[in-house]
Amino acid sequence: YTTGSVGRIWRAFDRDLGREVAIKEILPKYAKSPTVRARFRREARIVAQLQHPGLVPVYSYYEDADHCFYTMRFVEGTTLGGLIKLSHSSHEPPSIDRPSLVDLVTHLTKTCEIVSHAHSHGIIHRDLKGENVIVRGNHEVVVVDWGLAKQIDIMGDSMPPIVSEPIDSKLSTIRGQILGTPAYVSPEQVRGDKENVSYRSDVYSLGVILYYLLCGRLPFESESMGGLLKMIVEEPPTPPGQIAKEVPAPLESICLAALEKNQANRPSSVAELRSALATGLATV
């Protein structure tokens, strides 16, 4: 199994239906926490109701006094982060060959399609990183780990909310608390400015993945957490072309736009980012 901060995933076999499944359960030390249970239940409901080939179908949900888990399709593959790391592992200074660049940007474009689908239903992921994107074979991309997802209102849209029960705002965020993997979170998330966490916050995280893809390193790195967070909020990223060799100018421009401190200066949506990536890829 694999273990996260509050849960773990088991690979299992459903003997009744004769198929492999994945079981995600809350770690025993958190199993009786009402807050963790509520967040876990919300994650299962979000994923179960967001129907898309790039999301893992949820089969069932179960909880009792001592346990809380849900079953889903077992997905085996390589993380996008792992593929990116491998593509840069033998190059110094960092560089990436054109076939690998095309493949990886294509995977990121498909990631944008999946996230854009969630956004169309008012769901922000808030923890996008290469390790939460699984690539199966050469073509299938799956976005996982929606445990920090946040639902926002879709103004003027008659579509019913994904989660039919009220969501306590305390489950979504705590003021001043940083949710997500720090190196990938947006400046507004670092500041704990929950009112301004939006679709463009996911655009920023996707921009971090693109930066890592182009450079083989993250835009901001520090030996201390405080130093890292200060850089995210205050310092501009070094342009990818100054770190890696032969970075295509269109992709560099897209990356830097996604990493703008002021979210109003980022692409207006993940769909716009996806379109820009597709256009930029055509010039590679």
# chains A, B, ... in the order shown; residues from 1 in each chain; ligands from 1
>>> select_by_dssp(residues="region 1-232 of chain A", states="helix (DSSP H, G or I)", output="PyMOL selection string")
chain A and resi 28-30+34-49+80-88+98-120+130-132+169-172+182-184+187-190+194-196+199-215+225-232
>>> residues_around(residues="Pro240 (chain A)", least_positions_apart="5", cutoff="8 Å", atoms="only C-alpha atoms", output="JSON, numbers by chain")
{"A": [211, 214, 215, 247, 252]}
>>> write_last_selection(atoms="N, CA, C and O atoms", output="short mmCIF file (atom, residue, chain, number, x, y, z; two decimals), in the first residue's frame")
data_model
loop_
_atom_site.label_atom_id
_atom_site.label_comp_id
_atom_site.auth_asym_id
_atom_site.auth_seq_id
_atom_site.Cartn_x
_atom_site.Cartn_y
_atom_site.Cartn_z
N TYR A 211 6.98 24.32 -15.15
CA TYR A 211 8.33 24.80 -14.87
C TYR A 211 9.26 23.62 -14.59
O TYR A 211 10.38 23.56 -15.12
N LEU A 214 10.09 21.85 -17.77
CA LEU A 214 11.05 22.54 -18.65
C LEU A 214 12.46 22.58 -18.06
O LEU A 214 13.44 22.54 -18.81
N CYS A 215 12.55 22.67 -16.73
CA CYS A 215 13.84 22.94 -16.09
C CYS A 215 14.44 21.78 -15.32
O CYS A 215 15.64 21.80 -14.99
N VAL A 247 14.98 25.85 -24.16
CA VAL A 247 13.58 25.91 -23.74
C VAL A 247 12.80 26.70 -24.79
O VAL A 247 13.14 27.84 -25.10
N GLU A 252 7.99 28.86 -22.40
CA GLU A 252 8.51 29.68 -21.30
C GLU A 252 7.54 30.79 -20.97
O GLU A 252 7.24 31.05 -19.79
#
>>> closest_residue(among="A:Val197, A:Ile26, A:Val284, A:Val75", to="Tyr62 (chain A)", atoms="only C-alpha atoms")
A:Ile26
>>> closest_residue(among="A:Leu206, A:Ser186, A:Gln151, A:Asp16", to="His121 (chain A)", atoms="only C-alpha atoms")
A:Gln151
>>> closest_residue(among="A:Asn265, A:Ser120, A:Ser222, A:Thr283", to="Arg98 (chain A)", atoms="only C-alpha atoms")
A:Thr283
>>> closest_residue(among="A:Pro53, A:His67, A:His119, A:Gly81", to="His139 (chain A)", atoms="only C-alpha atoms")
A:Pro53
>>> residues_around(residues="Ala44 (chain A)", least_positions_apart="3", cutoff="8 Å", atoms="only C-alpha atoms", output="list in words")
Phe40, Arg41, Val47, Ala48, Val58, Tyr61 and Tyr70 of chain A
>>> closest_residue(among="A:Ala12, A:Leu104, A:Leu259, A:Ala118", to="Val135 (chain A)", atoms="only C-alpha atoms")
A:Leu104
>>> closest_residue(among="A:Cys68, A:Ile243, A:Pro182, A:Ser224", to="Pro34 (chain A)", atoms="only C-alpha atoms")
A:Cys68
>>> atom_distance(atom1="CA of Gly4 (chain A)", atom2="CA of Glu43 (chain A)")
14.3 Å
>>> select_by_dssp(residues="region 3-168 of chain A", states="strand (DSSP E or B)", output="VMD selection string")
chain A and resid 3 7 to 14 19 to 26 58 to 63 68 to 73 78 to 79 123 to 124 133 to 136 140 to 143 150 to 151
